[in-house]
Structures are given as structure tokens and as C-alpha cells.
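Student: This is the structure I have questions about; it appears just below.
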2 protein chains.
Amino acid sequence: MLEQIDLSKKISQQEFKKNIEPLANQLASLQRECRSRNIPVMIIFEGFSTSGKGTLINQLIEPLDPRGFSVYAINSESEEEKRRPFLWRFWTKTPENGRIAIFDRSWYRRVLVDRFEQTTPESQISDAYQEIVNFEQQLTDGGTVIIKFFLVITKKEQKKRMEKLLESKQTAWRVTDSDKKRQKHFKEYRVMAEEMLQKTDTAFAPWTIVEAMDKEYASIKIMSEVVSRLEKQITRKKENPDEASQKTNGNSDRNELKSSALSQADLSRSCSKEEYQERLKKLQSRLTLLHSALYRKKIPVILVFEGWDASGKGGAIRRLTQALDPRGYQVNPTSSPNDIEKAHHYLWRFWRNMPKTGHIAIFDRSWYGRVMVERIEGFCSTDEWKRAYREINDMEAHLAHSGSIILKFWMQIDKEEQERRFHERMENPQKQWKITDEDWRNRSKWDQYELAVDEMLIRTSTTYAPWIIVEGNNKYYARIKVLETVIRAMEDRLKSD
Amino acid sequence: MLEQIDLSKKISQQEFKKNIEPLANQLASLQRECRSRNIPVMIIFEGFSTSGKGTLINQLIEPLDPRGFSVYAINSESEEEKRRPFLWRFWTKTPENGRIAIFDRSWYRRVLVDRFEQTTPESQISDAYQEIVNFEQQLTDGGTVIIKFFLVITKKEQKKRMEKLLESKQTAWRVTDSDKKRQKHFKEYRVMAEEMLQKTDTAFAPWTIVEAMDKEYASIKIMSEVVSRLEKQITRKKENPDEASQKTNGNSDRNELKSSALSQADLSRSCSKEEYQERLKKLQSRLTLLHSALYRKKIPVILVFEGWDASGKGGAIRRLTQALDPRGYQVNPTSSPNDIEKAHHYLWRFWRNMPKTGHIAIFDRSWYGRVMVERIEGFCSTDEWKRAYREINDMEAHLAHSGSIILKFWMQIDKEEQERRFHERMENPQKQWKITDEDWRNRSKWDQYELAVDEMLIRTSTTYAPWIIVEGNNKYYARIKVLETVIRAMEDRLKSD
């Protein structure tokens, strides 16, 4: 969830000022309404050191009635706390109905800071994830709203902020040795954070990633998310006063505050025809060798291609298959499900085509249709596509766990490039079959798709099955990137085996 | 779930004949209705060898339209299947909407037969449980009804059945070497089965334990359960055609078919006053020594006492505490929750009293109120108490996992003994305070409570936090049994540490 995030998001001072007051007023009135409707709320702040948790918590509580909330700073366990199960100190801090509990760090210490410090043994991590998910499920089933923020900055920004703090005696104490250690080993720490986010991002207690390079942006995003989640829970309680639990996940509805992965793709990247031809040849021969090594080592490979219409999926796939032994791979084109497929679980038709050991399965479009076309066209319910992120992550975890290499390519082009290619297809008799009215219809929903794609990339890019955004305005560049990525993943696996 | 089951359940030939035909007719018509409503159904049979899976499956399918179901016998993986993730062969067999798939053994092979044979490495077991639970959740979320039977017989009965099969050439081939091995190591296999049942008994796909000593009884129970589950799903779909998933677990509503733990308690067990006094003294001195050993080793202990009114909880607790150092234990009496407690999650007030390392917490009544009094008096919703079994198991697993010894005593007396004790209390001015109108009111709901207690004992007796049924008509016997059980558990832990 972290690797694909565009951290350059910003907001102007002016826009901040315009937005902050209405949000603060809304928040104050929502707090009163939660109180009268007996809704307990837990808001937790996790994230990298110096990402601004303290400041942002202060901004959040500023408009709130102080009699109605508590803030807990969660440090290392005290001697007393060490003598109880680790969830004990959080269970005892769960808020009463109508109250808000805010956590500066939380039970996630166990699987993040304390794991990094080796206070939590590695052997306990997997149980701890399960216990945390159960804990949150029990509370949300009982009617608590749980809002989880993870604040992200870059390593460089962290270094800058730490240096500034260390300059003055007044602030230097705030940078602990642990902070320094986490700065030094930023990458390792981020891998742990990534795993934690994946394992604990549930429909009932989803994570919201906050781009915290710009504090005004972060502040507006946090407050909007809290407002949106509380509003949803209040509406739900109005409609159905007896049903305590919240079934669907939130996320602020304001588009400009959504996290984005696509926005950072640099579509100007390109590669000349000569360079392309030369590299293509080399890469393809390398791939041929690797394919037979994988076959001997019985490693299955799953390659997923998704992307805009006319973004070059077919071309990229062809450059791969040209180098593969046809007995060892299969390309699975995915179109609308037929009647038999419709009569099964949506994942069923893909399970049938999962590769056996040593084989490569290439999916030209895939199960991700669930969270794109099916979501946008209303072919499945909101509950269904929201649930699908986790279902898909679970499926891919199972496949990875049983030995598969999984890579997922998003072929990215911009709207102008798509239009150019559509026209080219229409004008070229050989390519006319490739373009239909539906393509134009889909194009008219570009913005809706873009939001869905961003959410998909962020929620389903995992360490075991990463998304690769392929800048596709230049076809040569795109094809080379795909080939190189596949080859690198294969080499890495063969090395580690 | 297995240890507490009364296996002596039987049904007469006459009763069998009376019941089987109406059930068969219902089943046939429900199959047609599932077909027309597009409901996919999966029925799986697991259990001990020779427990009669084959025969019972035949009886179940007899009334069904053969065009609407498939039976799969799940043996060791073929070479082809070994080359895919283990769930692949089950995903590809998931039934189309409106069809029934019946499994003679199933994906549970992975964590039971194949685990026992060491085909599944131990390191994979914990992931496999999670993958199985995810698999079933995804299917039920998508609208599939999953009905899971586990057939139970005793070791002795299994031996008898195997010997009979081995006598004739016609049947001897049915007893494989694996069967013989599982007979020989019956206890180890049962422990694995018990763990599997605990880890995979969910609200969306609950296990039904089938007492299979008597095949007629088993057959009626299986068919009734299938009828009941299908009826519920059809009703749900009628009320809410869009909502695919089934939120609550089933279990046939016919009381005489419910599994029972209480029915086997032999309430005639007793102990003379002289023997009692002599043993009490010895056991108490032993307990004193153990308490200080546990204190030094920092092991926390949780003792839960539940039972009928006037079943002797207080007396048994006193005989324990007499031997304990008051600085090292706390008795937590549980009455109706106060306003602050009511404003929290129902587990919150118990979490506050969980013992720290080296301490003993005794709960005189406990969180089990959720599935007894709150269930029966309607203080919580059906969804809530059904969900509570798993919530409680999760909590106790967390406590056990962080080092606690957990024992739960159910003090069992019969209705006559209770009446005798109530009268005794009313007549004795010293004891009058102990008896209230509410006790008499509760007594009038004896049968309802008995059903709830049986379900509770079966669903929440786990290897890490077992229920002990204490035959309590004779107080001396009961107190000695409690002391002995506590001492044995402590000794076992100290030995293994």
C-alpha cells in the first residue's frame, strides 16, 4: 500500500484556510451527535517518526469538546502492562458509548515499533496480526467506529525534519535513539509497515494512508476522513438503530483527498526504436533461458495485465510469449463471463486457469474486473466490490504461499494518447476490429475508472503480488519495462531458491 | 468440541421409520427450491474411519434428483493436483448456482488426514487453517450454503467395526493401512481433529458434530440439519433477494438432535464426609505449595465458575481460596452490568480483571453470561450471542497464548436437587439472603437454559481452555473434583515449563 503512493500531494495555505473552519464545525457537531447516539469512536495514528502525529492530533482535537474524548500516548509497556496479555491495555482503554479515544501509536506497536526493536519476537508476529484483526472485528461488531491513519513521509524528508529538531536544545530531546535507528534503517522499517498494513486492512477497520509531506494537506485529509466516517455511521444508525456493526469501509468521498498511485507515473518516458530493437533481442533470449530454468525448478508464474483500452496490453504480452516455449505457458483472455461462469463465484473461472508448477499463466484482463468494470457498471453490489480487495489479496497470498511468482502490470496511458490510438485504429482497416462502441463508452467514464484504478492499485499492491505501473505512452518503453520486470523477478526467485 | 460430547444418543427403528420419509420428501422439495432460487450448496463429510460416511452420504442423496448434485470422494492429491495450490481442486469443484456438491472428505484433509500422515508439514498448518476459513468465507459471502458434518465414534467402536470388516474378503480391502494407523493412534488423531474443529468453526460455516454410534440417529440428524439449513437460506433469500450471504449459523432446531455434553454427567457420584475431610486437607496443602511455585514462575491462572443457581459455586471457590495467599488471587463476582459497564463492549469489564503474571483470577460467573442469561432473556440479539462463541474463544486463545492457565467449571446439579436446596435456603435464616424471586424465575426456564448450556459447553470447550463438568449433587464430591482438576492443571504446566 505504500510503494505505489504519490507523496507529492499538497494544498495551498489559502485552500487550507477555506476548508479548515467548516470541517472543524462539522466535527464539533458530529461529536455531539455521536454522544447522543451512543456511538463509541477510536481514532489511531501510526506512521513514520517526525511525520507529524502530535501536531495533527492537536489539530483534530481542537474543535472537540474536551469532556468527550481522551488521548492516549502509547509508549513501551510498563512493568505492570508487561505482566498482562498485550491487548489488555487497549481493551481497558476502549471508549464508553458516545466517547472518542484517540491513540498516538496503538496496538500496532506490537507488530511495528516493538517488532523492529525485537521486543516482540518474530515467532509471535503472525498470531499478533490475527489477534489485532479479531480485536478490531469484535469492537466494530459491537458498534465502535475505528479510524486508522498511517502517516507517510519519505526517508529524505524524515532526515531533514530530524536534523532540524536536533539543531535546537528545545527540540532535540524529541528525537530518540529509536527514531534515529528507524531513520537509518528506513527501508527495513517500511517493509514491516507495508506488511502490517496488508495484514490488517479490513473492510470493518480500513487503513487510511495519509500523505504527510505537507501538513496542511494531511490535516484536511484526516479531518475529512473522520467527518466522513462519523457521518456514515450516524446515517447507518438512523436507518437501522438496532444494528450495531458497520458493514462497509469508509474513506472520505472527496476525490482530491484520495491517495493516488497513478498521478506519479511519468508518461514522457520513452525509448528509441533502435534501442528498443537491440534490447528486446537480448531480453528475449534471457527470458527463454529463464523459462526453462523455472520449468526445471517447478516454479509457477502468474502475470496479470490490466490497463486502459488501447494501452498496449496485447503488444506487451506478445513480446513476452515470443520468447516462451508454447508448451509451458498459456494466455487467458478475459471477457464478460458466460452463463456458466456467471453461475459461479466470480473467482471460480480464474482458479480454473491457475498454472501448474513450472508453467506460466498470462491473464489479459483478470479478476480485477470485479473492482473496475463490475464496480463502475454496477454489475456487483458495493459490499461485494469493497469485500473483493481482501478476497483478491487472500487468493494471491494463497497462490504466492504455494510457490507462485505473481506480477501485475497496469498499463498507463493518458487520455490524449488513448484518443490518438482510437483514431488510428479506426483509420487502419487491419485494426478496425479492435475498436468498438464500448471502448468509446468506457472512455467517457475515464474519471470514474481513474478513481477505481487508484484504489485498486493501492489496496492490492502487496509484497507478494506487487502492481507495476507501466508508463505506456511510448510502446517501446512499456514493452521493455515489462520484460525487464519479469526477468528481474524470475532471477530474484532463482537466486533465493 | 469432541471431548464433551455424549455419544450414547440413539433412536429406535420405529422412530427412524416414522421420521425418514417426511425428511426425504422435504429434502427433495428443498433441492428443487434451491435450484429455482439459484442457491449453491456444499455439504462435506469428515470424521473418524468407519464412522459411516459412505452409508450416510448414500442415505442423504437417495431422495435427491441426480441431475442436481455431484458427489466427490477426496483422496490423496493426484500428480496433477500436487502441482497446484491445495485449494485449486476445491475451487474448481465449487457448485454452480442451484447445484449441490457433496464431499466425502474435503479440503480438511490438508489439516487432518494429510497432517497425520505428515504429507502436510507442520509449518503449513496454521496458514492452512486461515486459508480454509477465507475460502469458506468467500463462498458463503457469495451465497453458497456450506454444511459441515464431523462424524464421531469411540475408539472401541472403531476397533469393533474394523475387525468386522477385516473378517470378510469382500470388505477387508476397505480398511487401509492408514485407517489402521489412525485406529492405533486414535487419541493423537482426535487431538488434531479437535484443533481443526476449533479453528474452523465459524458463524458462516459452523461444524455439526454427528454422534455416529447409531447410524439411524446419525442419518436423521444429518438430514434434519440439511433441511434446516436450506430452509433458513431460502427464507433469507425470500426476504432479501439481493443479499447473498448468510449471516448466522444454523443447527437443526429439533432439540432431541442437538449434541449434548450435560446428558452424560453421572450425578450419583459422591464422596463421604470423612473421605472428603481427609482429602480436602491434603489437596489444600498441595495447592498452597503450587500457588507459590506459580507465583515464582510468573504463570497467571484464570478459573471460571458457572453453574445452576445453588449448584455450589461459592462453596467450591471457598475451598480453593482457603489454600491461597490472599495477595496472589482475586475473586471477581459477576452480577448484572452497571451503567458504565453497559456502555462498553460486553467483554470490557472482564478484561479489566484479567490477572497479571503469577496471579490467580477467579470468576464467579463470567463472560459466559452472554450466551446464557443474555441469550435467553433477549438482552442481546441473536446475531450477537451467536457471534459470541467465537469472540470468547478468540479472547481465551489470546489469554492462553500469552501464558495463562484457563479452566472453566460447570457445576451441574439436577432440577430436584436444586429445588431441595432452594427450600433449604428459604428455611434457614442464615441462608435466606441467598435466594430471591429471580432464582425461581430462572428455574422455570430450566429447559431453555439446558439447551444454551449444552451449546456453550460444546462450542467453547477448547484444548487451551477446557470446560470441566462437575457433578455437583454431592457437594463433597464436587469440591474435591474442582481442587483435583486445578492441581493437575498446575502440575502439568509446571512440569512442561
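Residue numbering restarts at 1 in every chain; chains get A, B, ... in the order shown in the C-alpha cells, and ligands count up from 1 in that same order.
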Determine which residues of chain A sit within 8 Å of chain B, taking into account only C-alpha atoms, and present them as a ChimeraX atom specification.
Tutor: /A:80,83-86,88,91-92,94-97,131,134,138-139,142,340,343-345,348,351-352,354-357,391,394,398-399,402
Student: Please return as a list in words: the residues of region 71-115 of chain B that backbone DSSP assigns to alpha helix (DSSP H).
Tutor: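 Taking region 71-115 of chain B and keeping alpha helix (DSSP H) only, one gets Glu79, Glu80, Glu81, Lys82, Trp88, Arg89, Phe90, Trp91, Val113, Asp114 and Arg115 of chain B.
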Student: Could you save those same residues with N, CA and C atoms as a PDB file, in the first residue's frame?
Tutor:
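Output file selection27.pdb follows:
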```
ATOM      1  N   GLU B  79      -0.991 -36.485  -9.119  1.00  0.00           N
ATOM      2  CA  GLU B  79       0.223 -35.774  -9.531  1.00  0.00           C
ATOM      3  C   GLU B  79      -0.128 -34.388 -10.076  1.00  0.00           C
ATOM      4  N   GLU B  80      -1.210 -34.334 -10.852  1.00  0.00           N
ATOM      5  CA  GLU B  80      -1.679 -33.067 -11.415  1.00  0.00           C
ATOM      6  C   GLU B  80      -2.057 -32.075 -10.308  1.00  0.00           C
ATOM      7  N   GLU B  81      -2.758 -32.596  -9.315  1.00  0.00           N
ATOM      8  CA  GLU B  81      -3.226 -31.710  -8.239  1.00  0.00           C
ATOM      9  C   GLU B  81      -2.082 -31.217  -7.361  1.00  0.00           C
ATOM     10  N   LYS B  82      -1.095 -32.074  -7.194  1.00  0.00           N
ATOM     11  CA  LYS B  82       0.059 -31.672  -6.385  1.00  0.00           C
ATOM     12  C   LYS B  82       0.766 -30.457  -6.976  1.00  0.00           C
ATOM     13  N   TRP B  88      -6.922 -25.381  -5.108  1.00  0.00           N
ATOM     14  CA  TRP B  88      -7.291 -25.387  -6.519  1.00  0.00           C
ATOM     15  C   TRP B  88      -8.327 -26.466  -6.842  1.00  0.00           C
ATOM     16  N   ARG B  89      -8.080 -27.695  -6.332  1.00  0.00           N
ATOM     17  CA  ARG B  89      -9.029 -28.761  -6.717  1.00  0.00           C
ATOM     18  C   ARG B  89     -10.408 -28.568  -6.096  1.00  0.00           C
ATOM     19  N   PHE B  90     -10.483 -27.737  -5.045  1.00  0.00           N
ATOM     20  CA  PHE B  90     -11.798 -27.484  -4.455  1.00  0.00           C
ATOM     21  C   PHE B  90     -12.476 -26.285  -5.109  1.00  0.00           C
ATOM     22  N   TRP B  91     -11.695 -25.264  -5.411  1.00  0.00           N
ATOM     23  CA  TRP B  91     -12.279 -24.130  -6.141  1.00  0.00           C
ATOM     24  C   TRP B  91     -12.893 -24.611  -7.449  1.00  0.00           C
ATOM     25  N   VAL B 113      -6.188 -35.662   7.828  1.00  0.00           N
ATOM     26  CA  VAL B 113      -5.563 -36.893   7.344  1.00  0.00           C
ATOM     27  C   VAL B 113      -4.133 -36.641   6.840  1.00  0.00           C
ATOM     28  N   ASP B 114      -3.978 -35.631   5.997  1.00  0.00           N
ATOM     29  CA  ASP B 114      -2.651 -35.372   5.420  1.00  0.00           C
ATOM     30  C   ASP B 114      -1.671 -34.838   6.452  1.00  0.00           C
ATOM     31  N   ARG B 115      -2.204 -34.172   7.468  1.00  0.00           N
ATOM     32  CA  ARG B 115      -1.330 -33.729   8.552  1.00  0.00           C
ATOM     33  C   ARG B 115      -0.866 -34.937   9.359  1.00  0.00           C
TER      34      ARG B 115
END
```
Student: Could you give me the residues within region 257-393 of chain B that DSSP places in strand (DSSP E or B), as an NGL selection string?
Tutor: :B and (301-307 or 329-333 or 360-364)
Student: With a distance cut-off of 12 Å and only C-alpha atoms, select the neighbouring residues of Ser263 (chain B), excluding the residue or stretch itself and same-chain residues fewer than 3 positions from it, and output the selection as a PyMOL selection string.
Tutor: chain B and resi 4-9+256+258-260+266-267+412-414+450-451+453-454+457+469+471
Student: Could you give me, as a ChimeraX atom specification, the residues within 7 Å of Val304 (chain B), counting only C-alpha atoms and dropping anything in the same chain fewer than 2 positions from it?
Tutor: /B:302,306,362-366,407-409
Student: Could you write out the selected residues, including C-alpha atoms, as a compact mmCIF listing (two decimals), in the first residue's frame?
Tutor:
```txt
# COMPACT_ATOMS: atom_id res chain seq x y z
CA ILE B 302 -7.90 -17.94 35.27
CA GLU B 306 -20.54 -21.22 36.04
CA ILE B 362 -11.40 -16.49 39.96
CA PHE B 363 -14.60 -15.52 38.18
CA ASP B 364 -17.84 -16.35 39.96
CA ARG B 365 -19.96 -16.20 36.83
CA SER B 366 -18.32 -14.59 33.85
CA LEU B 407 -10.04 -23.74 33.47
CA LYS B 408 -13.80 -23.42 33.30
CA PHE B 409 -16.05 -25.32 35.68
```
